[in-house]
>>> print(open('query-v8.cif').read())   # mmCIF, C-alpha atoms
data_start
loop_
_atom_site.label_atom_id
_atom_site.label_comp_id
_atom_site.auth_asym_id
_atom_site.auth_seq_id
_atom_site.Cartn_x
_atom_site.Cartn_y
_atom_site.Cartn_z
CA MET Y 1 -17.82 36.53 77.12
CA GLN Y 2 -16.74 38.80 74.28
CA ARG Y 3 -17.43 42.54 74.37
CA PRO Y 4 -18.50 44.18 71.11
CA GLY Y 5 -15.53 46.58 71.36
CA SER Y 6 -12.91 43.80 71.26
CA ALA Y 7 -14.65 42.13 68.30
CA LEU Y 8 -14.50 45.47 66.48
CA ARG Y 9 -10.80 45.91 67.32
CA TRP Y 10 -10.10 42.35 66.16
CA ALA Y 11 -11.94 42.96 62.89
CA ALA Y 12 -10.10 46.26 62.33
CA ALA Y 13 -6.74 44.60 63.03
CA ALA Y 14 -7.62 41.77 60.67
CA GLY Y 15 -8.61 44.34 58.05
CA SER Y 16 -5.33 46.22 58.32
CA TRP Y 17 -3.39 42.96 58.21
CA GLY Y 18 -5.35 42.04 55.13
CA CYS Y 19 -4.22 45.30 53.53
CA ARG Y 20 -0.60 44.60 54.40
CA LEU Y 21 -0.94 41.04 53.12
CA LEU Y 22 -2.31 42.40 49.85
CA VAL Y 23 0.71 44.69 49.45
CA LEU Y 24 3.10 41.87 50.39
CA LEU Y 25 1.50 39.45 47.96
CA LEU Y 26 2.03 41.93 45.16
CA LEU Y 27 5.75 42.15 45.94
CA VAL Y 28 6.66 38.62 47.01
CA PRO Y 29 7.54 36.24 44.17
CA GLY Y 30 4.41 34.17 44.29
CA PRO Y 31 2.57 32.15 41.69
CA GLY Y 32 3.39 33.61 38.29
CA GLY Y 33 1.94 32.71 34.96
CA ALA Y 34 2.59 32.58 31.28
CA SER Y 35 1.66 34.99 28.53
CA GLU Y 36 1.44 33.50 25.07
CA ILE Y 37 0.79 36.07 22.38
CA THR Y 38 0.92 36.07 18.57
CA PHE Y 39 0.99 39.50 17.00
CA GLU Y 40 1.74 41.13 13.69
CA LEU Y 41 4.83 43.30 13.41
CA PRO Y 42 4.61 45.76 10.49
CA ASP Y 43 7.71 46.63 8.47
CA ASN Y 44 10.08 49.18 10.03
CA ALA Y 45 8.28 48.77 13.32
CA LYS Y 46 9.26 47.87 16.84
CA GLN Y 47 6.91 46.60 19.51
CA CYS Y 48 7.72 46.37 23.19
CA PHE Y 49 6.13 44.52 26.04
CA TYR Y 50 6.69 45.11 29.74
CA GLU Y 51 6.21 43.04 32.85
CA ASP Y 52 6.76 43.74 36.53
CA ILE Y 53 8.83 40.91 37.95
CA ALA Y 54 9.90 40.34 41.51
CA GLN Y 55 13.46 39.48 42.47
CA GLY Y 56 14.43 35.83 42.35
CA THR Y 57 11.76 34.75 39.88
CA LYS Y 58 12.89 32.40 37.16
CA CYS Y 59 11.56 33.56 33.79
CA THR Y 60 11.69 32.15 30.28
CA LEU Y 61 11.18 34.04 27.04
CA GLU Y 62 10.61 31.96 23.90
CA PHE Y 63 9.80 33.41 20.51
CA GLN Y 64 9.26 32.18 16.98
CA VAL Y 65 8.57 33.98 13.72
CA ILE Y 66 5.64 32.44 11.86
CA THR Y 67 5.22 34.33 8.59
CA GLY Y 68 7.00 37.02 6.64
CA GLY Y 69 10.15 37.51 4.59
CA HIS Y 70 13.08 35.47 5.83
CA TYR Y 71 11.22 34.57 9.01
CA ASP Y 72 13.60 36.48 11.26
CA VAL Y 73 13.27 39.25 13.82
CA ASP Y 74 15.48 41.20 16.26
CA CYS Y 75 14.80 40.63 19.93
CA ARG Y 76 16.07 42.53 22.95
CA LEU Y 77 15.40 42.01 26.66
CA GLU Y 78 16.29 44.68 29.24
CA ASP Y 79 16.16 44.73 33.01
CA PRO Y 80 14.74 47.67 35.05
CA ASP Y 81 18.07 49.55 34.90
CA GLY Y 82 18.23 49.31 31.11
CA LYS Y 83 20.97 46.71 31.10
CA VAL Y 84 20.60 44.41 28.13
CA LEU Y 85 20.14 40.83 29.25
CA TYR Y 86 19.54 39.32 25.83
CA LYS Y 87 20.07 40.74 22.38
CA GLU Y 88 19.89 38.82 19.13
CA MET Y 89 19.57 40.09 15.58
CA LYS Y 90 17.67 38.28 12.83
CA LYS Y 91 16.74 35.18 14.76
CA GLN Y 92 14.01 32.77 13.69
CA TYR Y 93 13.48 30.98 16.97
CA ASP Y 94 15.09 31.21 20.39
CA SER Y 95 14.52 30.47 24.03
CA PHE Y 96 16.11 32.45 26.88
CA THR Y 97 15.89 31.67 30.60
CA PHE Y 98 16.96 34.11 33.30
CA THR Y 99 16.45 34.78 36.98
CA ALA Y 100 15.33 38.27 37.87
CA SER Y 101 18.13 39.91 39.83
CA LYS Y 102 16.06 42.88 40.96
CA ASN Y 103 12.47 43.99 41.34
CA GLY Y 104 11.05 46.16 38.63
CA THR Y 105 9.79 46.40 35.11
CA TYR Y 106 11.48 44.19 32.57
CA LYS Y 107 11.09 45.15 28.95
CA PHE Y 108 11.43 43.06 25.81
CA CYS Y 109 11.14 44.36 22.27
CA PHE Y 110 10.79 42.81 18.85
CA SER Y 111 12.07 44.85 15.95
CA ASN Y 112 11.43 44.54 12.23
CA GLU Y 113 13.28 47.78 11.41
CA PHE Y 114 15.71 46.05 9.05
CA SER Y 115 12.89 45.03 6.72
CA THR Y 116 11.52 47.46 4.17
CA PHE Y 117 8.29 45.89 3.03
CA THR Y 118 7.61 42.55 4.70
CA HIS Y 119 5.59 42.44 7.86
CA LYS Y 120 6.13 39.55 10.20
CA THR Y 121 3.93 37.53 12.51
CA VAL Y 122 5.73 36.78 15.77
CA TYR Y 123 4.73 34.37 18.52
CA PHE Y 124 6.22 34.66 22.00
CA ASP Y 125 5.72 32.83 25.28
CA PHE Y 126 6.86 34.64 28.41
CA GLN Y 127 6.76 32.41 31.47
CA VAL Y 128 7.18 34.16 34.81
CA GLY Y 129 7.74 31.97 37.85
CA GLU Y 130 5.80 28.78 38.35
CA ASP Y 131 2.22 28.20 37.30
CA PRO Y 132 -0.31 28.99 40.01
CA PRO Y 133 -1.00 25.90 42.12
CA LEU Y 134 -4.26 24.06 41.74
CA PHE Y 135 -5.32 24.77 45.29
CA PRO Y 136 -5.01 28.25 46.79
CA SER Y 137 -3.79 26.86 50.09
CA GLU Y 138 -1.04 24.83 48.52
CA ASN Y 139 1.59 25.66 51.11
CA ARG Y 140 0.96 22.35 52.75
CA VAL Y 141 3.76 20.72 54.64
CA SER Y 142 2.38 17.20 54.34
CA ALA Y 143 3.79 15.15 51.49
CA LEU Y 144 1.68 14.26 48.48
CA THR Y 145 0.29 10.77 48.30
CA GLN Y 146 1.51 8.47 45.54
CA MET Y 147 -1.62 9.10 43.49
CA GLU Y 148 -1.23 12.86 43.82
CA SER Y 149 2.44 12.85 42.87
CA ALA Y 150 1.61 10.61 39.88
CA CYS Y 151 -1.00 13.19 38.88
CA VAL Y 152 1.53 15.98 39.22
CA SER Y 153 4.07 14.19 37.01
CA ILE Y 154 1.41 13.40 34.40
CA HIS Y 155 0.40 17.07 34.46
CA GLU Y 156 3.99 18.19 33.86
CA ALA Y 157 4.40 15.67 31.03
CA LEU Y 158 1.17 16.83 29.40
CA LYS Y 159 2.32 20.45 29.69
CA SER Y 160 5.45 19.59 27.74
CA VAL Y 161 3.33 17.71 25.16
CA ILE Y 162 1.20 20.82 24.70
CA ASP Y 163 4.35 22.92 24.40
CA TYR Y 164 5.78 20.66 21.69
CA GLN Y 165 2.42 20.68 19.92
CA THR Y 166 2.44 24.46 19.89
CA HIS Y 167 5.91 24.60 18.38
CA PHE Y 168 4.96 21.98 15.82
CA ARG Y 169 1.83 23.94 14.91
CA LEU Y 170 3.93 27.08 14.41
CA ARG Y 171 6.45 25.27 12.20
CA GLU Y 172 3.59 23.80 10.19
CA ALA Y 173 2.03 27.28 9.83
CA GLN Y 174 5.38 28.53 8.57
CA GLY Y 175 5.64 25.73 6.00
CA ARG Y 176 2.05 26.18 4.92
CA SER Y 177 2.45 29.94 4.41
CA ARG Y 178 5.54 29.28 2.26
CA ALA Y 179 3.59 26.72 0.20
CA GLU Y 180 0.67 29.11 -0.29
CA ASP Y 181 3.08 31.88 -1.32
CA LEU Y 182 4.66 29.50 -3.83
CA ASN Y 183 1.26 28.57 -5.22
CA THR Y 184 0.19 32.16 -5.87
CA ARG Y 185 3.60 33.04 -7.25
CA VAL Y 186 3.47 30.11 -9.71
CA ALA Y 187 -0.02 31.17 -10.83
CA TYR Y 188 0.94 34.79 -11.50
CA TRP Y 189 4.26 33.89 -13.02
CA SER Y 190 2.86 31.34 -15.47
CA VAL Y 191 0.17 33.74 -16.73
CA GLY Y 192 2.67 36.60 -16.91
CA GLU Y 193 5.26 34.54 -18.74
CA ALA Y 194 2.73 33.29 -21.32
CA LEU Y 195 1.68 36.89 -22.02
CA ILE Y 196 5.29 38.06 -22.30
CA LEU Y 197 6.03 35.19 -24.68
CA LEU Y 198 3.16 36.14 -26.98
CA VAL Y 199 3.95 39.86 -26.88
CA VAL Y 200 7.67 39.31 -27.58
CA SER Y 201 7.15 36.88 -30.47
CA ILE Y 202 4.56 39.08 -32.17
CA GLY Y 203 6.68 42.17 -31.53
CA GLN Y 204 9.75 40.47 -33.04
CA VAL Y 205 7.90 39.73 -36.26
CA PHE Y 206 6.66 43.27 -36.68
CA LEU Y 207 10.02 44.78 -35.80
CA LEU Y 208 11.71 42.57 -38.38
CA LYS Y 209 9.15 43.57 -40.95
CA SER Y 210 9.77 47.25 -40.22
CA PHE Y 211 13.55 46.78 -40.78
CA PHE Y 212 12.96 45.42 -44.25
CA SER Y 213 10.51 48.10 -45.34
CA ASP Y 214 12.94 50.91 -44.27
CA LYS Y 215 15.91 49.33 -46.08
CA ARG Y 216 13.87 49.16 -49.26
CA THR Y 217 13.25 52.94 -49.32
CA THR Y 218 16.89 53.84 -48.43
CA THR Y 219 18.38 51.62 -51.16
CA THR Y 220 16.12 53.19 -53.80
CA ARG Y 221 17.06 56.72 -52.59
CA VAL Y 222 20.81 55.97 -52.67
CA GLY Y 223 20.52 54.36 -56.06
CA SER Y 224 18.98 57.43 -57.75
CA MET L 12 -23.83 42.62 68.14
CA ALA L 13 -24.54 41.71 64.57
CA GLY L 14 -24.87 45.41 63.66
CA VAL L 15 -21.58 46.35 65.36
CA GLY L 16 -19.44 43.55 63.92
CA ALA L 17 -20.90 43.54 60.38
CA GLY L 18 -19.24 46.79 59.24
CA PRO L 19 -15.52 45.87 59.66
CA LEU L 20 -16.23 42.27 58.65
CA ARG L 21 -17.80 43.48 55.41
CA ALA L 22 -14.72 45.67 54.88
CA MET L 23 -12.56 42.59 55.36
CA TRP L 24 -14.60 40.60 52.84
CA GLN L 25 -14.38 43.51 50.42
CA GLN L 26 -10.61 43.51 50.77
CA ALA L 27 -10.50 39.77 50.21
CA LEU L 28 -12.66 40.16 47.12
CA LEU L 29 -10.45 43.00 45.91
CA LEU L 30 -7.40 40.78 46.34
CA LEU L 31 -9.10 38.00 44.39
CA ALA L 32 -10.21 40.45 41.71
CA LEU L 33 -6.68 41.84 41.35
CA CYS L 34 -5.25 38.36 41.04
CA THR L 35 -7.76 37.31 38.41
CA ALA L 36 -7.49 40.64 36.56
CA GLY L 37 -3.80 39.90 36.09
CA SER L 38 -2.49 43.01 37.74
CA ARG L 39 1.01 41.58 37.54
CA GLY L 40 0.58 40.53 33.91
CA LEU L 41 2.11 41.62 30.66
CA TYR L 42 1.45 45.15 29.46
CA PHE L 43 2.22 47.36 26.47
CA HIS L 44 1.62 50.93 25.34
CA ILE L 45 -0.66 52.04 22.55
CA GLY L 46 -1.29 55.46 21.09
CA GLU L 47 -4.59 57.29 20.82
CA THR L 48 -6.10 55.89 17.68
CA GLU L 49 -3.75 52.96 17.33
CA LYS L 50 -5.22 49.52 16.84
CA ARG L 51 -3.42 46.49 18.17
CA CYS L 52 -4.24 43.06 16.84
CA PHE L 53 -3.38 39.67 18.21
CA ILE L 54 -3.78 36.35 16.50
CA GLU L 55 -4.92 33.15 18.15
CA GLU L 56 -4.68 29.98 16.10
CA ILE L 57 -7.14 27.64 17.76
CA PRO L 58 -9.09 24.47 16.99
CA ASP L 59 -12.87 24.65 16.91
CA GLU L 60 -15.10 24.64 19.99
CA THR L 61 -12.34 26.22 22.06
CA MET L 62 -13.14 28.92 24.58
CA VAL L 63 -10.94 32.00 24.76
CA ILE L 64 -11.06 34.44 27.67
CA GLY L 65 -9.27 37.76 27.45
CA ASN L 66 -9.02 40.31 30.21
CA TYR L 67 -7.47 43.72 30.04
CA ARG L 68 -6.95 46.77 32.20
CA THR L 69 -6.05 50.21 30.92
CA GLN L 70 -4.22 53.09 32.52
CA MET L 71 -3.89 56.54 31.06
CA TRP L 72 -0.68 58.55 31.01
CA ASP L 73 -0.97 61.80 32.95
CA LYS L 74 1.24 64.36 31.24
CA GLN L 75 1.42 66.74 34.18
CA LYS L 76 2.36 64.21 36.82
CA GLU L 77 4.35 62.09 34.32
CA VAL L 78 2.87 58.95 35.74
CA PHE L 79 0.24 56.42 34.83
CA LEU L 80 -3.02 56.98 36.68
CA PRO L 81 -4.12 53.88 38.62
CA SER L 82 -7.55 53.76 37.04
CA THR L 83 -9.41 56.05 34.71
CA PRO L 84 -13.17 55.86 34.54
CA GLY L 85 -14.66 56.94 31.26
CA LEU L 86 -11.94 55.30 29.20
CA GLY L 87 -13.30 52.85 26.67
CA MET L 88 -11.76 50.08 24.63
CA HIS L 89 -13.36 48.53 21.59
CA VAL L 90 -12.74 44.83 21.20
CA GLU L 91 -13.30 43.15 17.86
CA VAL L 92 -12.80 39.45 17.19
CA LYS L 93 -12.80 38.01 13.67
CA ASP L 94 -12.90 34.34 12.75
CA PRO L 95 -10.66 32.75 10.06
CA ASP L 96 -13.21 33.60 7.33
CA GLY L 97 -13.14 37.28 8.27
CA LYS L 98 -16.59 37.22 9.87
CA VAL L 99 -16.91 39.31 13.02
CA VAL L 100 -17.56 37.10 16.04
CA LEU L 101 -17.49 39.74 18.73
CA SER L 102 -17.53 43.51 18.44
CA ARG L 103 -18.17 45.30 21.67
CA GLN L 104 -17.23 48.33 23.62
CA TYR L 105 -15.95 47.80 27.14
CA GLY L 106 -14.89 50.16 29.90
CA SER L 107 -11.37 50.84 31.07
CA GLU L 108 -11.29 47.34 32.51
CA GLY L 109 -12.93 44.48 30.73
CA ARG L 110 -13.19 40.79 30.16
CA PHE L 111 -14.29 39.27 26.88
CA THR L 112 -15.08 35.67 26.04
CA PHE L 113 -15.75 33.87 22.79
CA THR L 114 -15.86 30.29 21.57
CA SER L 115 -14.49 29.38 18.18
CA HIS L 116 -16.78 27.53 15.76
CA THR L 117 -14.28 27.17 12.92
CA PRO L 118 -10.66 26.14 13.40
CA GLY L 119 -8.00 28.61 12.36
CA ASP L 120 -6.56 32.05 12.92
CA HIS L 121 -8.83 34.27 14.99
CA GLN L 122 -7.88 37.93 15.17
CA ILE L 123 -8.47 39.91 18.34
CA CYS L 124 -8.19 43.67 17.83
CA LEU L 125 -8.21 46.32 20.52
CA HIS L 126 -8.41 50.03 20.06
CA SER L 127 -9.29 52.92 22.25
CA ASN L 128 -11.98 55.29 21.14
CA SER L 129 -11.98 57.49 24.15
CA THR L 130 -12.46 61.16 23.37
CA ARG L 131 -10.79 62.19 26.62
CA MET L 132 -7.44 61.24 25.17
CA ALA L 133 -7.81 63.95 22.54
CA LEU L 134 -7.25 66.45 25.35
CA PHE L 135 -3.80 65.05 26.02
CA ALA L 136 -1.79 65.50 22.84
CA GLY L 137 0.43 62.51 22.24
CA GLY L 138 -1.23 60.64 25.04
CA LYS L 139 -0.61 57.00 25.45
CA LEU L 140 -2.36 54.20 27.17
CA ARG L 141 -0.91 51.33 29.14
CA VAL L 142 -2.87 48.14 28.50
CA HIS L 143 -2.46 45.08 30.70
CA LEU L 144 -3.56 42.07 28.71
CA GLY L 145 -4.01 38.42 29.47
CA ILE L 146 -5.46 35.87 27.07
CA GLN L 147 -6.30 32.33 28.17
CA VAL L 148 -7.12 29.63 25.66
CA GLY L 149 -8.75 26.23 26.02
CA GLU L 150 -8.03 24.40 29.23
CA HIS L 151 -6.36 27.47 30.77
CA THR L 152 -9.81 29.10 30.91
CA ASN L 153 -10.98 26.67 33.58
CA ASN L 154 -11.02 28.01 37.08
CA TYR L 155 -10.23 24.90 39.10
CA PRO L 156 -10.94 26.17 42.63
CA GLU L 157 -14.37 27.24 41.36
CA ILE L 158 -14.99 23.85 39.73
CA ALA L 159 -13.93 22.07 42.91
CA ALA L 160 -16.34 24.14 44.97
CA LYS L 161 -19.21 23.75 42.52
CA ASP L 162 -18.94 19.98 41.97
CA LYS L 163 -17.62 19.28 45.45
CA LEU L 164 -14.57 17.35 44.23
CA THR L 165 -11.81 16.00 46.38
CA GLU L 166 -8.24 16.95 45.61
CA LEU L 167 -7.56 13.79 43.64
CA GLN L 168 -10.76 14.18 41.64
CA LEU L 169 -9.82 17.76 40.81
CA ARG L 170 -6.38 16.72 39.62
CA ALA L 171 -7.95 14.00 37.48
CA ARG L 172 -10.35 16.58 36.04
CA GLN L 173 -7.41 18.84 35.18
CA LEU L 174 -5.61 15.98 33.45
CA LEU L 175 -8.79 15.11 31.50
CA ASP L 176 -9.11 18.72 30.34
CA GLN L 177 -5.49 18.79 29.23
CA VAL L 178 -5.85 15.56 27.27
CA GLU L 179 -9.05 16.84 25.65
CA GLN L 180 -7.18 19.95 24.53
CA ILE L 181 -4.39 17.81 23.08
CA GLN L 182 -6.95 15.73 21.16
CA LYS L 183 -8.61 18.86 19.75
CA GLU L 184 -5.26 20.23 18.70
CA GLN L 185 -4.41 16.95 16.95
CA ASP L 186 -7.72 17.01 15.05
CA TYR L 187 -6.92 20.55 14.00
CA GLN L 188 -3.49 19.35 12.92
CA ARG L 189 -5.12 16.78 10.63
CA TYR L 190 -7.31 19.50 9.07
CA ARG L 191 -4.29 21.76 8.55
CA GLU L 192 -2.22 18.99 7.01
CA GLU L 193 -5.05 18.34 4.54
CA ARG L 194 -5.06 22.02 3.54
CA PHE L 195 -1.29 21.97 3.16
CA ARG L 196 -1.51 18.87 0.99
CA LEU L 197 -4.21 20.44 -1.22
CA THR L 198 -2.10 23.58 -1.67
CA SER L 199 0.98 21.53 -2.61
CA GLU L 200 -1.00 19.39 -5.05
CA SER L 201 -2.51 22.51 -6.63
CA THR L 202 0.99 23.97 -7.06
CA ASN L 203 2.14 20.70 -8.60
CA GLN L 204 -0.79 20.71 -11.05
CA ARG L 205 -0.23 24.33 -11.96
CA VAL L 206 3.47 23.82 -12.66
CA LEU L 207 2.67 20.76 -14.80
CA TRP L 208 0.00 22.50 -16.88
CA TRP L 209 2.00 25.67 -17.22
CA SER L 210 5.07 23.87 -18.59
CA ILE L 211 2.94 21.97 -21.10
CA ALA L 212 1.08 25.16 -22.12
CA GLN L 213 4.34 27.09 -22.39
CA THR L 214 5.86 24.46 -24.70
CA VAL L 215 2.73 24.46 -26.87
CA ILE L 216 2.65 28.28 -27.06
CA LEU L 217 6.37 28.32 -27.92
CA ILE L 218 5.98 25.81 -30.76
CA LEU L 219 2.86 27.52 -32.12
CA THR L 220 4.37 31.00 -32.10
CA GLY L 221 7.55 29.63 -33.70
CA ILE L 222 5.51 28.06 -36.52
CA TRP L 223 3.44 31.24 -36.94
CA GLN L 224 6.56 33.43 -37.01
CA MET L 225 8.24 31.34 -39.72
CA ARG L 226 5.09 31.15 -41.86
CA HIS L 227 4.41 34.87 -41.54
CA LEU L 228 7.99 35.87 -42.32
CA LYS L 229 8.18 33.45 -45.24
CA SER L 230 5.05 34.94 -46.82
CA PHE L 231 6.38 38.46 -46.08
CA PHE L 232 9.73 37.81 -47.77
CA GLU L 233 8.02 36.11 -50.71
CA ALA L 234 5.86 39.24 -51.09
CA LYS L 235 8.94 41.44 -50.92
CA LYS L 236 10.62 39.22 -53.55
CA LEU L 237 13.66 38.53 -51.29
CA VAL L 238 13.15 34.76 -51.25
#
>>> encode(input="query-v8.cif", output="structure tokens")
Amino acid sequence: MQRPGSALRWAAAAGSWGCRLLVLLLLVPGPGGASEITFELPDNAKQCFYEDIAQGTKCTLEFQVITGGHYDVDCRLEDPDGKVLYKEMKKQYDSFTFTASKNGTYKFCFSNEFSTFTHKTVYFDFQVGEDPPLFPSENRVSALTQMESACVSIHEALKSVIDYQTHFRLREAQGRSRAEDLNTRVAYWSVGEALILLVVSIGQVFLLKSFFSDKRTTTTRVGS
Amino acid sequence: MAGVGAGPLRAMWQQALLLLALCTAGSRGLYFHIGETEKRCFIEEIPDETMVIGNYRTQMWDKQKEVFLPSTPGLGMHVEVKDPDGKVVLSRQYGSEGRFTFTSHTPGDHQICLHSNSTRMALFAGGKLRVHLGIQVGEHTNNYPEIAAKDKLTELQLRARQLLDQVEQIQKEQDYQRYREERFRLTSESTNQRVLWWSIAQTVILILTGIWQMRHLKSFFEAKKLV
């Protein structure tokens, strides 16, 4: 027979444990996630992103420049103490994997400060830890059945297919933006060159004519 | 007994819900800083009929305490989404924490812009905002535990559903790839045509101006009695 008082105490204890669990979950390296973002980086600008990472989490930063100038950007990754983990200047594409050695805020920045008038579009994919499991209670000790492990391997293979597709799409976007640039440049250049041609040839004729009319007057003046 | 036990139990459920809400709100996600009137734009290149869910959480910088306040009511963020043709798909004001969803109807680059239009920030000169942002596209928008509960699927069925969603996303992306390749091909063919016509036109203009120049100069010199 349960007294109401003990039920209350049990509920209160459960509540306080829930609070502690909440705090623990926020600190323990648990299921992570990936952030995939494409943003525009104006010229002479630097943009930084931050993420709180727990110790021992394996993270991967991958970036690619899609449009703009020579398709390169400076990238820099720092740990909570400011130590530089990764620094590359004028890179088009790179992938960097590291394991977080301490808890805290990791910062990574993309800089376009070397460019005077081209703004760049940069894509990055920051993967922190493993993807969250399909089932919240996935700390099961029992082994997966054959069907389930086949599903898991198909899932991983499809994830890599999607990853390759993304990189292919970005390369294609890069090629297409170059082709569109070329197209507009050819249009402007052909019109401009035709105009210059006409102006120069007409100008030549009139300039030549003006030489001869001046010489005429000088010769007569000298002669007399 | 129901009255006595309901209070702490409700508190427990509230804590569980809070935990779930924090997890889904991406409290451990990526964040960045923006200034008062600064506008940050992100681009999502997606095929058509793809759902995009974005969730954000903002924190304001407290100049006196030199720390970011945990949550600031009264802070607003304006979210604007434009489709590849420049048409506005979504333009709404949300609170300091928000979640926006849209589905693309044309394939291409969609632009998601965020800016704060809170007047409270004007009080703090040089104030900055910390924005936690998470954007999920396509099959990442599906909440599998929720689907499992709603359709009452077994574990294997749920895994199969996840694989089906992934494959559907791959198919959509490949269709989009075909559309993009066609655009690329049209652009290249247009460039090819333009270069061809321009070189022919340039040669014609060159010959014609040369003929005109010689004729004009010949008549000029004949008039000046030099020839």
>>> residues_around(input="query-v8.cif", residues="Arg110 in chain L", least_positions_apart="2", cutoff="10 Å", atoms="only C-alpha atoms", output="ChimeraX atom specification")
/L:36,64-68,90,105-106,108,112,144-146
>>> closest_residue(input="query-v8.cif", among="L:His227, L:Arg205, L:Lys236, L:His151", to="Leu208 in chain Y", atoms="all atoms listed in the file")
L:His227
>>> residues_around(input="query-v8.cif", residues="range 214-217 of chain L", least_positions_apart="3", cutoff="10 Å", atoms="all atoms listed in the file", output="PDB file with C-alpha atoms, in the coordinates of the input")
ATOM      1  CA  ALA Y 194       2.730  33.290 -21.320  1.00  0.00           C
ATOM      2  CA  LEU Y 197       6.030  35.190 -24.680  1.00  0.00           C
ATOM      3  CA  LEU Y 198       3.160  36.140 -26.980  1.00  0.00           C
ATOM      4  CA  SER Y 201       7.150  36.880 -30.470  1.00  0.00           C
TER       5      SER Y 201
ATOM      6  CA  TRP L 208       0.000  22.500 -16.880  1.00  0.00           C
ATOM      7  CA  TRP L 209       2.000  25.670 -17.220  1.00  0.00           C
ATOM      8  CA  SER L 210       5.070  23.870 -18.590  1.00  0.00           C
ATOM      9  CA  ILE L 211       2.940  21.970 -21.100  1.00  0.00           C
ATOM     10  CA  THR L 220       4.370  31.000 -32.100  1.00  0.00           C
ATOM     11  CA  GLY L 221       7.550  29.630 -33.700  1.00  0.00           C
ATOM     12  CA  ILE L 222       5.510  28.060 -36.520  1.00  0.00           C
ATOM     13  CA  TRP L 223       3.440  31.240 -36.940  1.00  0.00           C
TER      14      TRP L 223
END
>>> residues_around(input="query-v8.cif", residues="Thr121 in chain Y", least_positions_apart="5", cutoff="9 Å", atoms="all atoms listed in the file", output="list in words")
Thr38, Phe39, Glu40, Leu41, Pro42, Gln64, Val65, Ile66, Thr67, Gly68 and Tyr71 of chain Y; Ile54 of chain L
>>> closest_residue(input="query-v8.cif", among="Y:Lys58, Y:Arg171, Y:His70, Y:His155", to="chain L", atoms="only C-alpha atoms")
Y:His155
>>> atom_distance(input="query-v8.cif", atom1="CA of Ser201 in chain L", atom2="CA of Ser177 in chain Y")
14.2 Å
>>> build_atoms(input="query-v8.cif", residues="range 80-89 of chain Y", atoms="N, CA, C and O atoms", output="PDB file, keeping the file's coordinate frame")
ATOM      1  N   PRO Y  80      15.238  46.343  34.664  1.00  0.00           N
ATOM      2  CA  PRO Y  80      14.740  47.670  35.050  1.00  0.00           C
ATOM      3  C   PRO Y  80      15.755  48.798  34.909  1.00  0.00           C
ATOM      4  O   PRO Y  80      15.376  49.946  34.686  1.00  0.00           O
ATOM      5  N   ASP Y  81      17.068  48.480  35.015  1.00  0.00           N
ATOM      6  CA  ASP Y  81      18.070  49.550  34.900  1.00  0.00           C
ATOM      7  C   ASP Y  81      18.486  49.805  33.456  1.00  0.00           C
ATOM      8  O   ASP Y  81      19.380  50.607  33.216  1.00  0.00           O
ATOM      9  N   GLY Y  82      17.876  49.095  32.506  1.00  0.00           N
ATOM     10  CA  GLY Y  82      18.230  49.310  31.110  1.00  0.00           C
ATOM     11  C   GLY Y  82      19.363  48.426  30.631  1.00  0.00           C
ATOM     12  O   GLY Y  82      19.758  48.499  29.474  1.00  0.00           O
ATOM     13  N   LYS Y  83      19.883  47.588  31.520  1.00  0.00           N
ATOM     14  CA  LYS Y  83      20.970  46.710  31.100  1.00  0.00           C
ATOM     15  C   LYS Y  83      20.394  45.629  30.190  1.00  0.00           C
ATOM     16  O   LYS Y  83      19.349  45.048  30.470  1.00  0.00           O
ATOM     17  N   VAL Y  84      21.101  45.374  29.105  1.00  0.00           N
ATOM     18  CA  VAL Y  84      20.600  44.410  28.130  1.00  0.00           C
ATOM     19  C   VAL Y  84      20.942  42.993  28.575  1.00  0.00           C
ATOM     20  O   VAL Y  84      22.107  42.648  28.716  1.00  0.00           O
ATOM     21  N   LEU Y  85      19.895  42.204  28.814  1.00  0.00           N
ATOM     22  CA  LEU Y  85      20.140  40.830  29.250  1.00  0.00           C
ATOM     23  C   LEU Y  85      20.274  39.887  28.065  1.00  0.00           C
ATOM     24  O   LEU Y  85      20.943  38.875  28.121  1.00  0.00           O
ATOM     25  N   TYR Y  86      19.554  40.210  26.987  1.00  0.00           N
ATOM     26  CA  TYR Y  86      19.540  39.320  25.830  1.00  0.00           C
ATOM     27  C   TYR Y  86      19.347  40.178  24.604  1.00  0.00           C
ATOM     28  O   TYR Y  86      18.461  41.021  24.553  1.00  0.00           O
ATOM     29  N   LYS Y  87      20.210  39.988  23.628  1.00  0.00           N
ATOM     30  CA  LYS Y  87      20.070  40.740  22.380  1.00  0.00           C
ATOM     31  C   LYS Y  87      20.501  39.863  21.229  1.00  0.00           C
ATOM     32  O   LYS Y  87      21.618  39.373  21.202  1.00  0.00           O
ATOM     33  N   GLU Y  88      19.580  39.627  20.301  1.00  0.00           N
ATOM     34  CA  GLU Y  88      19.890  38.820  19.130  1.00  0.00           C
ATOM     35  C   GLU Y  88      19.300  39.489  17.908  1.00  0.00           C
ATOM     36  O   GLU Y  88      18.183  39.980  17.948  1.00  0.00           O
ATOM     37  N   MET Y  89      20.075  39.487  16.821  1.00  0.00           N
ATOM     38  CA  MET Y  89      19.570  40.090  15.580  1.00  0.00           C
ATOM     39  C   MET Y  89      19.202  38.983  14.613  1.00  0.00           C
ATOM     40  O   MET Y  89      19.903  37.990  14.507  1.00  0.00           O
TER      41      MET Y  89
END
